[in-house]
>>> print(open('model.cif').read())   # mmCIF, C-alpha atoms
data_structure
#
loop_
_atom_site.label_atom_id
_atom_site.label_comp_id
_atom_site.auth_asym_id
_atom_site.auth_seq_id
_atom_site.Cartn_x
_atom_site.Cartn_y
_atom_site.Cartn_z
CA MET A 1 -35.99 13.72 -11.07
CA LYS A 2 -32.74 15.39 -11.97
CA LEU A 3 -29.41 13.72 -11.26
CA VAL A 4 -26.85 15.91 -9.58
CA ALA A 5 -23.22 15.52 -10.58
CA LEU A 6 -20.64 15.74 -7.86
CA LYS A 7 -18.35 18.64 -8.62
CA PRO A 8 -15.39 19.45 -6.42
CA SER A 9 -15.55 23.09 -5.45
CA SER A 10 -11.81 23.64 -5.33
CA ILE A 11 -8.53 22.20 -6.51
CA ILE A 12 -7.75 20.80 -3.07
CA GLU A 13 -10.96 18.79 -3.09
CA LEU A 14 -10.14 17.44 -6.54
CA LEU A 15 -6.67 16.44 -5.30
CA PHE A 16 -8.32 14.76 -2.32
CA VAL A 17 -10.68 12.72 -4.49
CA VAL A 18 -7.77 11.61 -6.70
CA ALA A 19 -5.79 10.72 -3.56
CA ILE A 20 -8.61 8.53 -2.31
CA LEU A 21 -8.70 6.69 -5.65
CA LEU A 22 -4.90 6.46 -5.67
CA ASN A 23 -5.01 4.57 -2.37
CA VAL A 24 -6.31 1.53 -4.28
CA VAL A 25 -3.18 1.59 -6.44
CA ASN A 26 -1.03 2.12 -3.34
CA TYR A 27 -2.54 -0.98 -1.74
CA GLN A 28 -1.52 -3.08 -4.75
CA LEU A 29 1.99 -1.59 -4.74
CA ILE A 30 2.37 -2.27 -1.01
CA GLN A 31 1.43 -5.91 -1.67
CA ARG A 32 4.25 -6.13 -4.24
CA THR A 33 6.91 -4.31 -2.22
CA LEU A 34 8.64 -5.30 1.01
CA ILE A 35 8.65 -1.81 2.48
CA PRO A 36 8.40 -1.22 6.22
CA LEU A 37 5.14 0.51 7.04
CA GLU A 38 7.05 3.07 9.13
CA PHE A 39 8.24 4.70 5.91
CA ILE A 40 4.69 5.07 4.69
CA ALA A 41 3.62 6.48 8.05
CA TRP A 42 6.35 9.14 7.76
CA TYR A 43 4.92 10.25 4.42
CA PHE A 44 1.62 11.00 6.16
CA VAL A 45 3.47 12.80 8.97
CA ILE A 46 5.02 15.03 6.31
CA GLY A 47 1.45 16.07 5.47
CA VAL A 48 1.05 17.29 9.07
CA PHE A 49 4.24 19.36 8.83
CA VAL A 50 3.20 20.85 5.48
CA TYR A 51 -0.17 21.78 6.98
CA LEU A 52 1.54 23.50 9.91
CA LEU A 53 3.81 25.43 7.52
CA PHE A 54 1.13 26.55 5.08
CA SER A 55 -2.00 26.80 7.21
CA ARG A 56 -1.67 30.56 7.64
CA LEU A 57 -1.09 31.08 3.92
CA LEU A 58 -4.19 29.12 2.92
CA LYS A 59 -6.74 31.26 4.74
CA PHE A 60 -8.34 32.17 1.40
CA LEU A 61 -9.69 28.63 1.00
CA GLN A 62 -13.27 28.31 2.13
CA VAL A 63 -12.51 25.12 4.07
CA GLY A 64 -12.50 24.58 7.82
CA HIS A 65 -9.28 23.97 9.72
CA PHE A 66 -10.01 20.31 10.47
CA GLU A 67 -11.00 19.58 6.86
CA LEU A 68 -7.86 21.28 5.60
CA PHE A 69 -5.78 19.29 8.09
CA MET A 70 -7.29 16.00 6.86
CA TYR A 71 -6.88 17.04 3.23
CA PHE A 72 -3.18 17.76 3.73
CA ILE A 73 -2.50 14.51 5.56
CA THR A 74 -4.33 12.42 2.98
CA ILE A 75 -3.04 14.23 -0.10
CA PHE A 76 0.62 14.42 0.86
CA GLY A 77 0.74 10.95 2.40
CA THR A 78 -0.96 9.29 -0.54
CA TYR A 79 0.96 11.09 -3.28
CA LEU A 80 4.34 10.58 -1.59
CA THR A 81 3.58 6.90 -0.98
CA PHE A 82 2.58 6.47 -4.61
CA LEU A 83 5.67 8.27 -5.85
CA CYS A 84 8.02 6.22 -3.67
CA LEU A 85 6.43 2.85 -4.43
CA MET A 86 5.94 3.46 -8.14
CA VAL A 87 9.52 4.65 -8.67
CA ASN A 88 10.77 1.69 -6.61
CA VAL A 89 8.81 -0.80 -8.73
CA LEU A 90 9.38 0.84 -12.14
CA PHE A 91 13.12 1.21 -11.71
CA SER A 92 13.75 -2.09 -9.97
CA GLY A 93 16.59 -4.30 -11.10
CA THR A 94 16.21 -7.03 -13.68
CA LYS A 95 18.19 -9.54 -11.65
CA VAL A 96 15.79 -11.83 -9.80
CA GLN A 97 16.67 -13.85 -6.71
CA VAL A 98 14.56 -16.82 -5.67
CA ARG A 99 14.27 -17.48 -1.95
CA ASN A 100 12.25 -20.09 -0.12
CA TYR A 101 10.19 -19.10 2.89
CA LYS A 102 8.18 -21.17 5.32
CA VAL A 103 4.52 -20.28 5.64
CA GLN A 104 3.95 -19.84 9.35
CA ARG A 105 0.22 -20.28 9.42
CA ILE A 106 -2.71 -20.50 7.08
CA THR A 107 -6.17 -19.37 8.01
CA ASN A 108 -9.55 -19.16 6.32
CA ARG A 109 -10.34 -16.04 8.26
CA LEU A 110 -9.76 -12.57 6.95
CA VAL A 111 -10.58 -9.59 9.18
CA GLY A 112 -13.54 -11.02 11.02
CA ARG A 113 -15.30 -12.90 8.25
CA TYR A 114 -14.86 -16.46 7.11
CA VAL A 115 -13.74 -17.12 3.57
CA HIS A 116 -14.76 -20.53 2.31
CA SER A 117 -12.89 -20.54 -1.00
CA PRO A 118 -9.46 -22.26 -0.91
CA LYS A 119 -8.08 -19.56 -3.21
CA GLN A 120 -8.80 -16.96 -0.54
CA GLN A 121 -6.91 -18.68 2.25
CA VAL A 122 -4.40 -16.38 3.87
CA GLY A 123 -0.86 -17.42 4.78
CA LEU A 124 1.52 -15.38 6.89
CA VAL A 125 5.16 -15.28 5.76
CA THR A 126 8.02 -13.50 7.54
CA PHE A 127 10.90 -12.31 5.37
CA GLU A 128 14.51 -11.84 6.46
CA ASN A 129 14.12 -8.12 7.16
CA GLY A 130 11.45 -8.92 9.74
CA ARG A 131 8.62 -7.79 7.48
CA SER A 132 5.59 -10.07 7.56
CA LYS A 133 3.20 -10.27 4.63
CA ARG A 134 -0.12 -11.93 4.03
CA ILE A 135 0.02 -14.19 1.01
CA TYR A 136 -3.28 -15.24 -0.54
CA GLN A 137 -3.35 -18.74 -1.92
CA GLY A 138 -4.73 -17.35 -5.18
CA GLN A 139 -1.46 -15.38 -5.64
CA VAL A 140 0.70 -18.51 -5.43
CA VAL A 141 1.51 -20.11 -8.79
CA GLY A 142 0.95 -23.87 -8.67
CA ALA A 143 -1.05 -23.85 -5.44
CA SER A 144 -3.38 -26.74 -6.14
CA LYS A 145 -3.37 -28.43 -2.77
CA GLU A 146 -5.39 -27.35 0.23
CA SER A 147 -2.53 -25.92 2.29
CA ILE A 148 0.86 -24.51 1.42
CA ASP A 149 3.91 -25.35 3.55
CA SER A 150 6.55 -23.18 1.90
CA ILE A 151 6.77 -20.83 -1.03
CA ALA A 152 9.44 -19.63 -3.43
CA VAL A 153 9.43 -15.86 -3.78
CA HIS A 154 11.07 -14.22 -6.79
CA LEU A 155 12.50 -10.91 -5.56
CA SER A 156 14.29 -8.13 -7.37
CA GLU A 157 15.97 -5.16 -5.77
CA GLY A 158 14.02 -1.92 -6.07
CA LEU A 159 15.52 1.49 -6.70
CA PHE A 160 15.23 2.51 -3.04
CA ASN A 161 16.53 -0.91 -1.84
CA PHE A 162 13.05 -2.17 -1.01
CA PRO A 163 12.67 -5.65 -2.57
CA VAL A 164 9.92 -6.08 -5.15
CA ILE A 165 7.99 -9.36 -5.33
CA ARG A 166 7.90 -10.54 -8.94
CA LYS A 167 6.27 -13.96 -8.53
CA ILE A 168 5.29 -16.38 -5.77
CA GLU A 169 5.44 -20.13 -6.42
CA ASN A 170 4.51 -23.17 -4.40
CA VAL A 171 7.46 -25.30 -3.28
CA GLN A 172 6.57 -28.97 -3.48
#
>>> encode(input="model.cif", output="structure tokens")
Amino acid sequence: MKLVALKPSSIIELLFVVAILLNVVNYQLIQRTLIPLEFIAWYFVIGVFVYLLFSRLLKFLQVGHFELFMYFITIFGTYLTFLCLMVNVLFSGTKVQVRNYKVQRITNRLVGRYVHSPKQQVGLVTFENGRSKRIYQGQVVGASKESIDSIAVHLSEGLFNFPVIRKIENVQ
């Protein structure tokens, strides 16, 4: 039996595969950045506009219209999100502010399945800009007890004025 290697047939498919893999990195950067999700949604909307602008010019590609539409949305949205978040994190300020936040609720449930490990408990924290984030107990430094009441978040200002989470500690 011969193994078949997956080979992208065009550059756009290669960019699409890299964009799918880059979404894992984007997820980690979104967890570290207090960015409103509306900004990220606009990056994907830019992919729609780029598709509308260049769809007539890209007739030479042997790809259907719907596939090309999905490629453009995914590629432009993912690459622009990565660029924005990575530049924001890399060029963030060195000055760190520590702020205490109250954990509103803690649950053992994560998207329909029960998590029995205390390190995987999920807490919901709302920051001053109205942005809510899920904080896993495993991310909190010094979280030895079963439930966390409040946390100290070390924030630094990012290049695009989106705060970057440096460290999360348990407030005792």
>>> residues_around(input="model.cif", residues="A:Val50", least_positions_apart="3", cutoff="9 Å", atoms="all atoms listed in the file", output="list in words")
Val45, Ile46, Gly47, Leu53, Phe54, Ser55, Phe72, Ile73 and Phe76 of chain A
>>> resolve_selection(input="model.cif", expression="the PyMOL selection byres ((chain A and resi 156) around 9)", output="short mmCIF file (atom, residue, chain, number, x, y, z; two decimals) with C-alpha atoms, in the coordinates of the input")
data_model
loop_
_atom_site.label_atom_id
_atom_site.label_comp_id
_atom_site.auth_asym_id
_atom_site.auth_seq_id
_atom_site.Cartn_x
_atom_site.Cartn_y
_atom_site.Cartn_z
CA SER A 92 13.75 -2.09 -9.97
CA GLY A 93 16.59 -4.30 -11.10
CA THR A 94 16.21 -7.03 -13.68
CA LYS A 95 18.19 -9.54 -11.65
CA VAL A 96 15.79 -11.83 -9.80
CA GLN A 97 16.67 -13.85 -6.71
CA VAL A 98 14.56 -16.82 -5.67
CA HIS A 154 11.07 -14.22 -6.79
CA LEU A 155 12.50 -10.91 -5.56
CA GLU A 157 15.97 -5.16 -5.77
CA GLY A 158 14.02 -1.92 -6.07
CA PHE A 162 13.05 -2.17 -1.01
CA PRO A 163 12.67 -5.65 -2.57
CA VAL A 164 9.92 -6.08 -5.15
CA ILE A 165 7.99 -9.36 -5.33
CA ARG A 166 7.90 -10.54 -8.94
#
>>> resolve_selection(input="model.cif", expression="the PyMOL selection byres ((chain A and resi 22) around 12)", output="list in words")
Leu15, Phe16, Val17, Val18, Ala19, Ile20, Leu21, Asn23, Val24, Val25, Asn26, Tyr27, Gln28, Leu29, Thr74, Ile75, Phe76, Gly77, Thr78, Tyr79, Leu80, Thr81, Phe82, Leu83, Leu85 and Met86 of chain A
>>> resolve_selection(input="model.cif", expression="the PyMOL selection byres ((chain A and resi 125-134) around 10)", output="list in words")
Ile30, Gln31, Arg32, Thr33, Leu34, Ile35, Pro36, Leu37, Arg99, Asn100, Tyr101, Lys102, Val103, Gln104, Arg105, Ile106, Gln121, Val122, Gly123, Leu124, Ile135, Tyr136, Gln137, Ser150, Ile151 and Val153 of chain A
>>> axis_aligned_box(input="model.cif", around="stretch 37-47 of chain A", padding_each_side="6 Å", output="lines of an AutoDock Vina configuration file")
center_x = 4.8
center_y = 8.3
center_z = 6.8
size_x = 18.8
size_y = 27.6
size_z = 16.7
>>> atom_distance(input="model.cif", atom1="atom CA of A:Ala41", atom2="atom CA of A:Leu14")
22.9 Å
>>> atom_distance(input="model.cif", atom1="atom CA of A:Val89", atom2="atom CA of A:Phe44")
20.3 Å
>>> atom_distance(input="model.cif", atom1="atom CA of A:Glu67", atom2="atom CA of A:Phe39")
24.3 Å
>>> closest_residue(input="model.cif", among="A:Val48, A:Phe160, A:Asp149, A:Phe91", to="A:Phe69", atoms="only C-alpha atoms")
A:Val48
